[in-house]
Each structure stands twice: as C-alpha cells, then as structure tokens.
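Undergrad: Sharing protein_4.cif, mmCIF, C-alpha atoms:
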```
data_coords
loop_
_atom_site.group_PDB
_atom_site.id
_atom_site.type_symbol
_atom_site.label_atom_id
_atom_site.label_comp_id
_atom_site.auth_asym_id
_atom_site.auth_seq_id
_atom_site.Cartn_x
_atom_site.Cartn_y
_atom_site.Cartn_z
ATOM 1 C CA MET T 1375 34.658 148.866 -105.431
ATOM 2 C CA VAL T 1376 32.558 152.021 -105.739
ATOM 3 C CA ASP T 1377 32.354 154.669 -108.479
ATOM 4 C CA VAL T 1378 33.171 158.136 -107.112
ATOM 5 C CA VAL T 1379 34.244 161.638 -108.124
ATOM 6 C CA GLY T 1380 36.408 163.901 -105.957
ATOM 7 C CA ILE T 1381 34.918 167.316 -105.130
ATOM 8 C CA ARG T 1382 36.680 170.316 -103.598
ATOM 9 C CA PHE T 1383 34.694 173.279 -102.265
ATOM 10 C CA LYS T 1384 37.563 175.702 -101.715
ATOM 11 C CA LYS T 1385 41.089 176.066 -102.964
ATOM 12 C CA ALA T 1386 43.505 173.882 -100.961
ATOM 13 C CA CYS T 1387 40.718 172.292 -98.940
ATOM 14 C CA LYS T 1388 40.020 168.607 -98.334
ATOM 15 C CA ILE T 1389 38.679 166.506 -101.230
ATOM 16 C CA TYR T 1390 35.362 164.731 -100.653
ATOM 17 C CA TYR T 1391 33.974 161.753 -102.567
ATOM 18 C CA PHE T 1392 30.478 161.799 -104.060
ATOM 19 C CA ASP T 1393 28.447 159.358 -106.124
ATOM 20 C CA PRO T 1394 28.449 160.591 -109.761
ATOM 21 C CA LYS T 1395 25.328 158.564 -110.652
ATOM 22 C CA ASP T 1396 24.617 159.064 -114.380
ATOM 23 C CA VAL T 1397 26.027 162.599 -114.542
ATOM 24 C CA LEU T 1398 28.825 162.939 -117.106
ATOM 25 C CA LEU T 1399 31.621 164.905 -115.422
ATOM 26 C CA GLN T 1400 35.185 165.929 -116.190
ATOM 27 C CA THR T 1401 37.905 167.461 -114.053
ATOM 28 C CA GLY T 1402 37.222 171.196 -113.672
ATOM 29 C CA ASP T 1403 33.419 170.940 -113.961
ATOM 30 C CA GLY T 1404 31.271 172.665 -111.368
ATOM 31 C CA VAL T 1405 28.652 170.595 -109.542
ATOM 32 C CA ILE T 1406 25.819 171.073 -107.050
ATOM 33 C CA VAL T 1407 25.835 168.668 -104.097
ATOM 34 C CA GLU T 1408 24.246 168.268 -100.682
ATOM 35 C CA THR T 1409 26.574 168.443 -97.649
ATOM 36 C CA VAL T 1410 26.152 168.711 -93.889
ATOM 37 C CA LYS T 1411 26.161 172.489 -94.354
ATOM 38 C CA GLY T 1412 23.397 172.371 -96.947
ATOM 39 C CA ILE T 1413 23.349 172.660 -100.742
ATOM 40 C CA GLU T 1414 26.855 173.594 -101.940
ATOM 41 C CA TYR T 1415 28.737 174.399 -105.140
ATOM 42 C CA GLY T 1416 31.968 172.472 -105.711
ATOM 43 C CA ASP T 1417 34.536 171.714 -108.397
ATOM 44 C CA VAL T 1418 35.477 168.292 -109.717
ATOM 45 C CA VAL T 1419 39.187 167.709 -109.032
ATOM 46 C CA ILE T 1420 39.201 163.906 -109.408
ATOM 47 C CA GLY T 1421 37.309 162.391 -112.331
ATOM 48 C CA ARG T 1422 35.177 159.269 -112.120
ATOM 49 C CA ARG T 1423 37.156 156.418 -110.646
ATOM 50 C CA GLN T 1424 36.704 153.312 -108.526
ATOM 51 C CA VAL T 1425 37.835 153.154 -104.904
ATOM 52 C CA ALA T 1426 37.623 150.475 -102.228
ATOM 53 C CA ASP T 1427 34.647 150.515 -99.873
ATOM 54 C CA ASN T 1428 36.871 151.276 -96.876
ATOM 55 C CA GLU T 1429 38.095 154.519 -98.507
ATOM 56 C CA ILE T 1430 34.692 156.214 -98.422
ATOM 57 C CA VAL T 1431 32.446 157.534 -95.673
ATOM 58 C CA LYS T 1432 28.971 156.033 -95.977
ATOM 59 C CA PRO T 1433 26.362 156.898 -96.949
ATOM 60 C CA LEU T 1434 27.917 158.256 -100.145
ATOM 61 C CA LYS T 1435 25.848 161.243 -101.240
ATOM 62 C CA PRO T 1436 25.035 161.669 -104.938
ATOM 63 C CA ILE T 1437 25.799 164.579 -107.252
ATOM 64 C CA ILE T 1438 22.581 166.585 -107.624
ATOM 65 C CA ARG T 1439 23.489 168.052 -111.004
ATOM 66 C CA LYS T 1440 26.223 169.568 -113.082
ATOM 67 C CA ALA T 1441 26.441 173.313 -112.449
ATOM 68 C CA THR T 1442 24.753 175.555 -115.020
ATOM 69 C CA ASP T 1443 25.598 179.121 -116.031
ATOM 70 C CA LYS T 1444 22.792 180.250 -113.733
ATOM 71 C CA ASP T 1445 24.404 178.379 -110.826
ATOM 72 C CA LYS T 1446 27.750 180.039 -111.520
ATOM 73 C CA GLN T 1447 26.077 183.443 -111.602
ATOM 74 C CA ARG T 1448 24.435 182.721 -108.270
ATOM 75 C CA LEU T 1449 27.830 181.760 -106.811
ATOM 76 C CA LEU T 1450 29.240 185.149 -107.830
ATOM 77 C CA GLU T 1451 26.236 186.895 -106.294
ATOM 78 C CA ASN T 1452 26.827 185.026 -103.029
ATOM 79 C CA LYS T 1453 30.439 186.226 -103.016
ATOM 80 C CA ARG T 1454 29.237 189.823 -103.258
ATOM 81 C CA LYS T 1455 26.765 189.261 -100.436
ATOM 82 C CA GLU T 1456 29.518 187.786 -98.262
ATOM 83 C CA LYS T 1457 31.546 191.007 -98.481
ATOM 84 C CA LYS T 1458 28.563 193.046 -97.349
ATOM 85 C CA ALA T 1459 27.776 190.588 -94.536
ATOM 86 C CA PHE T 1460 31.397 190.801 -93.366
ATOM 87 C CA GLU T 1461 31.163 194.564 -92.828
ATOM 88 C CA ILE T 1462 27.811 194.293 -91.056
ATOM 89 C CA CYS T 1463 29.132 191.611 -88.699
ATOM 90 C CA LYS T 1464 32.204 193.700 -87.856
ATOM 91 C CA GLU T 1465 29.930 196.581 -86.862
ATOM 92 C CA LYS T 1466 27.834 194.292 -84.661
ATOM 93 C CA ILE T 1467 30.951 192.881 -82.967
ATOM 94 C CA ALA T 1468 32.132 196.412 -82.157
ATOM 95 C CA LYS T 1469 28.654 197.311 -80.890
ATOM 96 C CA HIS T 1470 28.679 194.415 -78.392
ATOM 97 C CA ASN T 1471 32.356 195.001 -77.429
ATOM 98 C CA LEU T 1472 33.269 191.379 -78.085
ATOM 99 C CA GLU T 1473 36.903 190.232 -77.939
ATOM 100 C CA MET T 1474 36.861 188.379 -81.244
ATOM 101 C CA LYS T 1475 38.365 188.820 -84.705
ATOM 102 C CA LEU T 1476 36.160 188.114 -87.713
ATOM 103 C CA ILE T 1477 38.068 186.143 -90.368
ATOM 104 C CA CYS T 1478 35.592 185.313 -93.112
ATOM 105 C CA VAL T 1479 31.915 184.995 -93.991
ATOM 106 C CA GLU T 1480 30.499 182.172 -96.087
ATOM 107 C CA TYR T 1481 27.009 181.732 -97.555
ATOM 108 C CA THR T 1482 25.815 178.243 -98.378
ATOM 109 C CA PHE T 1483 24.939 177.995 -102.072
ATOM 110 C CA ASP T 1484 21.183 178.062 -101.405
ATOM 111 C CA CYS T 1485 21.608 180.918 -98.854
ATOM 112 C CA SER T 1486 19.916 178.802 -96.183
ATOM 113 C CA LYS T 1487 22.735 179.567 -93.746
ATOM 114 C CA ILE T 1488 25.559 182.070 -93.204
ATOM 115 C CA ILE T 1489 28.740 180.929 -91.471
ATOM 116 C CA PHE T 1490 30.857 183.547 -89.668
ATOM 117 C CA SER T 1491 34.365 182.290 -88.802
ATOM 118 C CA PHE T 1492 36.335 184.105 -86.112
ATOM 119 C CA THR T 1493 39.325 183.783 -83.789
ATOM 120 C CA ALA T 1494 39.439 184.619 -80.093
ATOM 121 C CA GLU T 1495 41.789 183.944 -77.191
ATOM 122 C CA GLY T 1496 39.076 182.324 -75.085
ATOM 123 C CA ARG T 1497 35.379 181.584 -74.996
ATOM 124 C CA VAL T 1498 33.070 184.312 -76.319
ATOM 125 C CA ASP T 1499 29.429 184.814 -75.356
ATOM 126 C CA PHE T 1500 27.987 185.744 -78.755
ATOM 127 C CA ARG T 1501 24.324 184.942 -78.111
ATOM 128 C CA GLU T 1502 23.225 188.566 -78.486
ATOM 129 C CA LEU T 1503 25.360 188.922 -81.600
ATOM 130 C CA VAL T 1504 23.626 185.926 -83.194
ATOM 131 C CA LYS T 1505 20.218 187.475 -82.462
ATOM 132 C CA ASP T 1506 21.246 190.743 -84.106
ATOM 133 C CA LEU T 1507 22.639 188.982 -87.181
ATOM 134 C CA ALA T 1508 19.556 186.780 -87.539
ATOM 135 C CA ALA T 1509 17.344 189.887 -87.399
ATOM 136 C CA VAL T 1510 19.353 191.493 -90.221
ATOM 137 C CA PHE T 1511 19.797 188.521 -92.576
ATOM 138 C CA LYS T 1512 16.577 186.588 -91.824
ATOM 139 C CA THR T 1513 18.291 183.213 -92.124
ATOM 140 C CA ARG T 1514 20.191 180.651 -90.037
ATOM 141 C CA ILE T 1515 23.387 181.983 -88.467
ATOM 142 C CA GLU T 1516 26.424 179.945 -87.425
ATOM 143 C CA LEU T 1517 29.409 181.453 -85.611
ATOM 144 C CA ARG T 1518 32.459 179.201 -85.764
ATOM 145 C CA GLN T 1519 35.593 179.723 -83.703
ATOM 146 C CA ILE T 1520 38.709 178.612 -85.591
ATOM 147 C CA GLY T 1521 42.407 178.289 -84.752
ATOM 148 C CA VAL T 1522 45.337 180.374 -85.953
ATOM 149 C CA ARG T 1523 46.332 177.770 -88.548
ATOM 150 C CA ASP T 1524 42.857 177.848 -90.083
ATOM 151 C CA GLU T 1525 43.036 181.647 -90.079
ATOM 152 C CA THR T 1526 46.250 181.601 -92.113
ATOM 153 C CA LYS T 1527 44.761 179.013 -94.486
ATOM 154 C CA MET T 1528 41.777 181.276 -95.164
ATOM 155 C CA ILE T 1529 43.645 184.590 -95.422
ATOM 156 C CA GLY T 1530 46.901 183.406 -96.985
ATOM 157 C CA GLY T 1531 50.118 185.402 -97.201
ATOM 158 C CA LEU T 1532 53.842 184.993 -97.886
ATOM 159 C CA GLY T 1533 55.838 182.635 -95.701
ATOM 160 C CA PRO T 1534 59.436 183.127 -94.459
ATOM 161 C CA CYS T 1535 60.627 181.481 -97.700
ATOM 162 C CA GLY T 1536 58.996 184.229 -99.768
ATOM 163 C CA ARG T 1537 56.404 181.904 -101.304
ATOM 164 C CA PRO T 1538 52.641 181.797 -100.585
ATOM 165 C CA ALA T 1539 51.726 179.866 -97.445
ATOM 166 C CA CYS T 1540 51.507 176.134 -98.268
ATOM 167 C CA CYS T 1541 48.240 175.745 -96.357
ATOM 168 C CA SER T 1542 46.520 178.340 -98.548
ATOM 169 C CA VAL T 1543 47.836 176.885 -101.828
ATOM 170 C CA PHE T 1544 47.828 173.088 -101.763
ATOM 171 C CA LEU T 1545 47.677 171.526 -98.264
ATOM 172 C CA GLY T 1546 44.307 169.852 -97.851
ATOM 173 C CA ASP T 1547 44.850 168.847 -94.223
ATOM 174 C CA PHE T 1548 47.251 169.949 -91.512
ATOM 175 C CA GLN T 1549 49.820 167.284 -90.629
ATOM 176 C CA PRO T 1550 51.325 166.965 -87.118
ATOM 177 C CA VAL T 1551 54.577 168.905 -86.712
ATOM 178 C CA SER T 1552 56.860 168.648 -83.671
ATOM 179 C CA ILE T 1553 59.967 170.372 -82.341
ATOM 180 C CA LYS T 1554 61.677 166.970 -82.599
ATOM 181 C CA MET T 1555 61.609 167.356 -86.395
ATOM 182 C CA ALA T 1556 63.537 170.626 -86.179
ATOM 183 C CA LYS T 1557 66.131 168.999 -83.908
ATOM 184 C CA GLU T 1558 66.613 165.985 -86.186
ATOM 185 C CA GLN T 1559 67.005 168.283 -89.201
ATOM 186 C CA ASN T 1560 69.659 170.288 -87.323
ATOM 187 C CA LEU T 1561 67.684 173.528 -87.618
ATOM 188 C CA SER T 1562 67.821 176.530 -85.357
ATOM 189 C CA LEU T 1563 65.360 176.152 -82.491
ATOM 190 C CA SER T 1564 64.661 179.885 -82.425
ATOM 191 C CA PRO T 1565 60.848 180.307 -82.659
ATOM 192 C CA THR T 1566 61.231 183.143 -85.164
ATOM 193 C CA LYS T 1567 63.096 180.857 -87.599
ATOM 194 C CA ILE T 1568 60.942 177.719 -87.440
ATOM 195 C CA SER T 1569 57.495 179.311 -87.077
ATOM 196 C CA GLY T 1570 55.136 180.152 -89.934
ATOM 197 C CA LEU T 1571 52.709 183.040 -90.399
ATOM 198 C CA CYS T 1572 50.335 181.437 -87.909
ATOM 199 C CA GLY T 1573 52.960 181.454 -85.159
ATOM 200 C CA ARG T 1574 53.015 177.655 -85.048
ATOM 201 C CA LEU T 1575 55.785 175.345 -86.279
ATOM 202 C CA MET T 1576 56.130 175.494 -90.076
ATOM 203 C CA CYS T 1577 54.283 172.735 -91.937
ATOM 204 C CA CYS T 1578 57.271 172.301 -94.268
ATOM 205 C CA LEU T 1579 59.260 170.709 -91.430
ATOM 206 C CA ASN T 1580 57.252 167.602 -92.260
ATOM 207 C CA TYR T 1581 58.255 167.501 -95.945
ATOM 208 C CA GLU T 1582 61.803 166.161 -95.491
ATOM 209 C CA GLN T 1583 61.282 164.304 -92.219
ATOM 210 C CA ALA T 1584 61.062 160.882 -93.885
ATOM 211 C CA TYR T 1585 64.448 161.490 -95.570
ATOM 212 C CA TYR T 1586 66.108 162.380 -92.261
ATOM 213 C CA GLU T 1587 64.593 159.329 -90.566
ATOM 214 C CA GLU T 1588 66.075 157.096 -93.291
ATOM 215 C CA LEU T 1589 69.507 158.646 -92.782
ATOM 216 C CA GLN T 1590 69.424 157.962 -89.042
ATOM 217 C CA ALA T 1591 70.058 154.309 -89.842
ATOM 218 C CA VAL T 1592 73.142 155.260 -91.905
ATOM 219 C CA LEU T 1593 74.685 158.319 -90.245
ATOM 220 C CA PRO T 1594 76.727 157.717 -87.081
ATOM 221 C CA LYS T 1595 75.637 159.623 -83.992
ATOM 222 C CA ILE T 1596 77.712 162.440 -82.546
ATOM 223 C CA GLY T 1597 80.203 160.885 -80.127
ATOM 224 C CA ALA T 1598 80.468 157.588 -82.003
ATOM 225 C CA GLU T 1599 83.925 156.081 -82.504
ATOM 226 C CA VAL T 1600 84.726 155.427 -86.170
ATOM 227 C CA ARG T 1601 87.585 154.295 -88.359
ATOM 228 C CA THR T 1602 88.589 156.699 -91.133
ATOM 229 C CA PRO T 1603 91.281 156.599 -93.869
ATOM 230 C CA ASP T 1604 93.401 158.624 -91.397
ATOM 231 C CA GLY T 1605 92.829 156.362 -88.405
ATOM 232 C CA LYS T 1606 90.390 156.175 -85.528
ATOM 233 C CA GLY T 1607 88.357 159.171 -84.468
ATOM 234 C CA VAL T 1608 85.224 160.475 -82.796
ATOM 235 C CA VAL T 1609 82.260 161.935 -84.698
ATOM 236 C CA MET T 1610 81.803 165.652 -83.948
ATOM 237 C CA ASP T 1611 79.074 166.595 -86.453
ATOM 238 C CA THR T 1612 77.058 165.251 -89.409
ATOM 239 C CA ASN T 1613 75.620 166.812 -92.562
ATOM 240 C CA ALA T 1614 72.536 164.847 -93.635
ATOM 241 C CA ILE T 1615 72.036 166.765 -96.891
ATOM 242 C CA LYS T 1616 75.592 166.186 -98.184
ATOM 243 C CA GLN T 1617 75.953 162.883 -96.280
ATOM 244 C CA LEU T 1618 79.255 163.998 -94.772
ATOM 245 C CA VAL T 1619 80.668 163.371 -91.302
ATOM 246 C CA LYS T 1620 83.117 165.537 -89.329
ATOM 247 C CA VAL T 1621 85.516 163.433 -87.278
ATOM 248 C CA LYS T 1622 88.166 164.400 -84.725
ATOM 249 C CA VAL T 1623 91.167 162.206 -85.556
ATOM 250 C CA GLU T 1624 94.585 161.894 -83.957
ATOM 251 C CA VAL T 1625 97.313 163.128 -86.313
ATOM 252 C CA GLY T 1626 100.205 162.856 -83.887
ATOM 253 C CA GLU T 1627 101.120 162.592 -80.242
ATOM 254 C CA ASP T 1628 98.724 164.808 -78.256
ATOM 255 C CA GLU T 1629 97.581 166.422 -81.527
ATOM 256 C CA THR T 1630 94.143 166.145 -83.147
ATOM 257 C CA ASP T 1631 92.445 167.539 -86.221
ATOM 258 C CA ILE T 1632 88.810 167.711 -87.355
ATOM 259 C CA ARG T 1633 88.370 166.321 -90.857
ATOM 260 C CA GLU T 1634 85.344 165.668 -93.069
ATOM 261 C CA TYR T 1635 84.582 162.324 -94.703
ATOM 262 C CA ALA T 1636 81.861 160.822 -96.855
ATOM 263 C CA ILE T 1637 79.657 158.257 -95.112
ATOM 264 C CA ASP T 1638 80.986 155.358 -97.207
ATOM 265 C CA ALA T 1639 84.584 156.271 -96.268
ATOM 266 C CA ILE T 1640 84.162 155.521 -92.569
ATOM 267 C CA ARG T 1641 83.261 152.493 -90.473
ATOM 268 C CA ILE T 1642 81.486 152.670 -87.119
ATOM 269 C CA LEU T 1643 83.417 150.961 -84.320
ATOM 270 C CA ARG T 1644 81.287 152.016 -81.358
ATOM 271 C CA LYS T 1645 77.914 153.746 -81.672
ATOM 272 C CA ASN T 1646 78.529 156.087 -78.739
ATOM 273 C CA ALA T 1647 82.100 156.137 -77.544
ATOM 274 C CA ARG T 1648 81.485 159.038 -75.160
ATOM 275 C CA LYS T 1649 78.679 157.148 -73.406
ATOM 276 C CA ASP T 1650 80.858 154.034 -73.148
ATOM 277 C CA GLN T 1651 83.704 156.058 -71.677
ATOM 278 C CA ASN T 1652 81.391 157.607 -69.058
ATOM 279 C CA GLN T 1653 80.129 154.154 -68.079
ATOM 280 C CA ASN T 1654 83.727 152.875 -67.720
ATOM 281 C CA VAL T 1655 84.618 155.826 -65.502
ATOM 282 C CA GLN T 1656 81.587 155.174 -63.275
ATOM 283 C CA SER T 1657 82.385 151.441 -63.004
ATOM 284 C CA THR T 1658 85.965 152.128 -61.786
ATOM 285 C CA GLN T 1659 84.830 154.437 -58.975
ATOM 286 C CA PRO T 1660 84.862 152.624 -55.578
ATOM 287 C CA THR T 1661 81.498 152.090 -53.864
ATOM 288 C CA GLU T 1662 80.742 152.975 -50.251
ATOM 289 C CA GLU T 1663 81.074 149.289 -49.300
ATOM 290 C CA GLN T 1664 84.520 149.155 -50.908
ATOM 291 C CA ASN T 1665 85.477 152.340 -49.071
ATOM 292 C CA GLY T 1666 84.220 150.905 -45.790
#
```
Please rewrite the model in this file as structure tokens.
TA:
Amino acid sequence: MVDVVGIRFKKACKIYYFDPKDVLLQTGDGVIVETVKGIEYGDVVIGRRQVADNEIVKPLKPIIRKATDKDKQRLLENKRKEKKAFEICKEKIAKHNLEMKLICVEYTFDCSKIIFSFTAEGRVDFRELVKDLAAVFKTRIELRQIGVRDETKMIGGLGPCGRPACCSVFLGDFQPVSIKMAKEQNLSLSPTKISGLCGRLMCCLNYEQAYYEELQAVLPKIGAEVRTPDGKGVVMDTNAIKQLVKVKVEVGEDETDIREYAIDAIRILRKNARKDQNQNVQSTQPTEEQNG
C-alpha cells in the first residue's frame, strides 16, 4: 500500500495521484507539483489515503509544496495572460490563412510553456505559426489538435436536457458510447435526438446501460410466446422502465387484442415464437430432390 493524495488540475478533469510526503494537506488545498507539462498548480480533491501498488503509475511524483498566497496570485496572472495570448494567436492564424479553430490557451504555472489547443478537419501545417508565436512570447510553444468532444469539455454549454454538459461539469474521462445502447434503451435513432453538443452520441446513454442489460435477462423478447392471465399470446413490445409487457392475446375466434401485463404476471413459453414459426415453415417446404 502507498500513501497518496488525489490532485485535479481543471474542473471535471482526470484525478492524478501524487506522493504527499510530509506535507499536511486537506481537500480543497492548492498544491504545486511537477508534471509532464512542467510545474503545475492543482487542487486536492482526495485527501491522504492508501491505495494498492497496482492502482498508481510509477514513479509516483511528490508534492513540491502547498500553494501560498503568492502562488495563487501568480495563477490569476497567468489566466490574464492566457486571454491576451488567445487574441494574439487568433490574429496569427488569420495571417497565415490556416484552416483551424483555436479553442483555448494554457500557460504552465512556471510559464515555461504555452499550450494552444485547436480543432481542424484534417492535418494542419502550423510550422510558420509556431515560429511567429515563439518570437512573440519568447518561450516554448505547443500546438495541440483536439477532438470535438474535448472542445465541448473545454468550452461547456447546455445539453439537450437543458443542463450543463456532463463532460464540462463532472466527467473525468470519456466512456465508450455506441448506437447499440440507444437501440437497447428503445430510443429514437434520429441523430438530432441522441447526439450531444459535440455532435457525437450523448455520454448519458451510458448511465442507464447497466440497468437495461440486467433487464434483458428478465424481459421477454419481442415475438416471444408467453402465457398470460388471459391465455397464450405473443409479445409485441416491452417497457423496461415500468417493467411492463404488451402482448397480443386471442380473445375469441379470429379475434385478438393487445393487452399490457407486469413481468411477474406472465410466463415465457418460447423465447422467439416468430423465429420458430419461420423455421417450421422452411422445414415443410419440399427440396429440389423431393421435387425431382
């Protein structure tokens, strides 16, 4: 087991573990640490705790120090410099006629590097742009091309539900989302209804997926033959949220009706009656040898 503290560098970003050493820290404290980007300012979101060795990425870097008032003032100054750098970079992009959209600018805490994040449809030759920016800022320049999901995470906005985008509020990492989830949750497959601000499938499709997967073992499939309080019938539709099943039952000679039942009120006789019927029809058809 190893002593660690969890540090977050931006709101709704991934949490990284660091070695607290002898520094006394509490949740909410600011700290100065060394990362692959350089010296950075972060916030403690997980207090000192012990984790297994396989949960950390070695070598575990130590906390340099607890942030002082001077450090916090420097952080605010960097934020002001980032706004100015953003405008300068936009002018340089227009000057070089580059097909790219600048999303954000980030100074490392010690100002040893400036990171410009942008989106573009394809590859961009920004070598001349980097030279111009280096001449203006006199420091290391990094241009980073990001995807549309990362763009939404950085900018934020209101989703189709009317609430702030999940990725910009609390999602640390993007989880895989597939169209299969929308189908299993019986949602409309219209792209405008299942896509988020980024134009990709909404992350919230993943929230209830485990619940729907559990119900698959309980709910009968459409086409299954079941026994109901009113007799035998065929499943026409299911409602996973209410755990109800619509069944077409025979109520008389050559007369049927579609009725709704709770899951515990029916019993599955055949998992897919329609499929079984199709197979029976195919098996009764004479083959070419029989015809011969």
Undergrad: With the file shown as input, list the residues that the PyMOL selection byres ((chain T and resi 1615) around 10) selects, as a list of chain:residue names.
TA: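 That selection, the PyMOL selection byres ((chain T and resi 1615) around 10), comes back as T:Gln1559, T:Tyr1585, T:Tyr1586, T:Leu1589, T:Thr1612, T:Asn1613, T:Ala1614, T:Lys1616, T:Gln1617, T:Leu1618.
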Undergrad: For the residues selected in the previous step, produce a file with C-alpha atoms as a short mmCIF file (atom, residue, chain, number, x, y, z; two decimals), in the coordinates of the input.
TA:
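Heads up, here's the output in part-v7.cif:
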```
data_model
loop_
_atom_site.label_atom_id
_atom_site.label_comp_id
_atom_site.auth_asym_id
_atom_site.auth_seq_id
_atom_site.Cartn_x
_atom_site.Cartn_y
_atom_site.Cartn_z
CA GLN T 1559 67.00 168.28 -89.20
CA TYR T 1585 64.45 161.49 -95.57
CA TYR T 1586 66.11 162.38 -92.26
CA LEU T 1589 69.51 158.65 -92.78
CA THR T 1612 77.06 165.25 -89.41
CA ASN T 1613 75.62 166.81 -92.56
CA ALA T 1614 72.54 164.85 -93.64
CA LYS T 1616 75.59 166.19 -98.18
CA GLN T 1617 75.95 162.88 -96.28
CA LEU T 1618 79.26 164.00 -94.77
#
```
Undergrad: Return as a list in words the set of residues that the PyMOL selection byres ((chain T and resi 1413) around 12) yields on the displayed structure.
TA: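 Expected selection for the PyMOL selection byres ((chain T and resi 1413) around 12) here is Phe1383, Val1405, Ile1406, Val1407, Glu1408, Thr1409, Val1410, Lys1411, Gly1412, Glu1414, Tyr1415, Gly1416, Lys1435, Pro1436, Ile1437, Ile1438, Arg1439, Asp1445, Leu1449, Tyr1481, Thr1482, Phe1483, Asp1484, Cys1485, Ser1486 and Lys1487 of chain T.
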Undergrad: Could you tell me, as a ChimeraX atom specification, exactly which residues end up selected when the PyMOL selection byres ((chain T and resi 1514) around 7) is applied to this structure?
TA: /T:1486-1488,1508,1513,1515-1516
Undergrad: If I take CA of Val1522 in chain T and CA of Asn1580 in chain T, how far is one from the other in Å, to one decimal?
TA: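 Rounded to one decimal, the two atoms are 18.6 Å apart.
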Undergrad: Quick check, in Å to one decimal: how far apart do CA of Glu1599 in chain T and CA of Ala1584 in chain T lie?
TA: 26.0 Å
Undergrad: Is it possible to add N, CA and C atoms to range 1500-1523 of chain T and hand it back as a compact mmCIF listing (two decimals), in the coordinates of the input?
TA:
```
# COMPACT_ATOMS: atom_id res chain seq x y z
N PHE T 1500 28.47 185.00 -77.58
CA PHE T 1500 27.99 185.74 -78.76
C PHE T 1500 26.48 185.54 -78.98
N ARG T 1501 25.76 185.20 -77.94
CA ARG T 1501 24.32 184.94 -78.11
C ARG T 1501 23.58 186.17 -78.61
N GLU T 1502 23.89 187.33 -78.05
CA GLU T 1502 23.22 188.57 -78.49
C GLU T 1502 23.63 188.94 -79.90
N LEU T 1503 24.88 188.64 -80.24
CA LEU T 1503 25.36 188.92 -81.60
C LEU T 1503 24.60 188.08 -82.61
N VAL T 1504 24.36 186.81 -82.29
CA VAL T 1504 23.63 185.93 -83.19
C VAL T 1504 22.21 186.44 -83.41
N LYS T 1505 21.58 186.93 -82.34
CA LYS T 1505 20.22 187.48 -82.46
C LYS T 1505 20.19 188.68 -83.40
N ASP T 1506 21.18 189.56 -83.25
CA ASP T 1506 21.25 190.74 -84.11
C ASP T 1506 21.45 190.35 -85.57
N LEU T 1507 22.35 189.40 -85.81
CA LEU T 1507 22.64 188.98 -87.18
C LEU T 1507 21.44 188.28 -87.81
N ALA T 1508 20.74 187.47 -87.03
CA ALA T 1508 19.56 186.78 -87.54
C ALA T 1508 18.46 187.78 -87.91
N ALA T 1509 18.35 188.86 -87.12
CA ALA T 1509 17.34 189.89 -87.40
C ALA T 1509 17.66 190.63 -88.70
N VAL T 1510 18.95 190.77 -89.01
CA VAL T 1510 19.35 191.49 -90.22
C VAL T 1510 19.23 190.60 -91.46
N PHE T 1511 19.71 189.37 -91.39
CA PHE T 1511 19.80 188.52 -92.58
C PHE T 1511 18.62 187.57 -92.76
N LYS T 1512 17.80 187.42 -91.72
CA LYS T 1512 16.58 186.59 -91.82
C LYS T 1512 16.88 185.16 -92.28
N THR T 1513 17.94 184.58 -91.78
CA THR T 1513 18.29 183.21 -92.12
C THR T 1513 19.08 182.60 -90.98
N ARG T 1514 19.43 181.32 -91.09
CA ARG T 1514 20.19 180.65 -90.04
C ARG T 1514 21.60 181.23 -89.95
N ILE T 1515 22.07 181.41 -88.71
CA ILE T 1515 23.39 181.98 -88.47
C ILE T 1515 24.24 180.98 -87.71
N GLU T 1516 25.48 180.79 -88.16
CA GLU T 1516 26.42 179.94 -87.42
C GLU T 1516 27.71 180.72 -87.21
N LEU T 1517 28.13 180.84 -85.93
CA LEU T 1517 29.41 181.45 -85.61
C LEU T 1517 30.38 180.34 -85.25
N ARG T 1518 31.51 180.29 -85.93
CA ARG T 1518 32.46 179.20 -85.76
C ARG T 1518 33.82 179.75 -85.33
N GLN T 1519 34.28 179.31 -84.18
CA GLN T 1519 35.59 179.72 -83.70
C GLN T 1519 36.65 178.80 -84.29
N ILE T 1520 37.66 179.39 -84.93
CA ILE T 1520 38.71 178.61 -85.59
C ILE T 1520 40.06 178.91 -84.95
N GLY T 1521 41.06 178.10 -85.27
CA GLY T 1521 42.41 178.29 -84.75
C GLY T 1521 43.25 179.17 -85.66
N VAL T 1522 44.47 179.47 -85.20
CA VAL T 1522 45.34 180.37 -85.95
C VAL T 1522 45.81 179.75 -87.27
N ARG T 1523 45.93 178.42 -87.30
CA ARG T 1523 46.33 177.77 -88.55
C ARG T 1523 45.22 177.89 -89.59
```
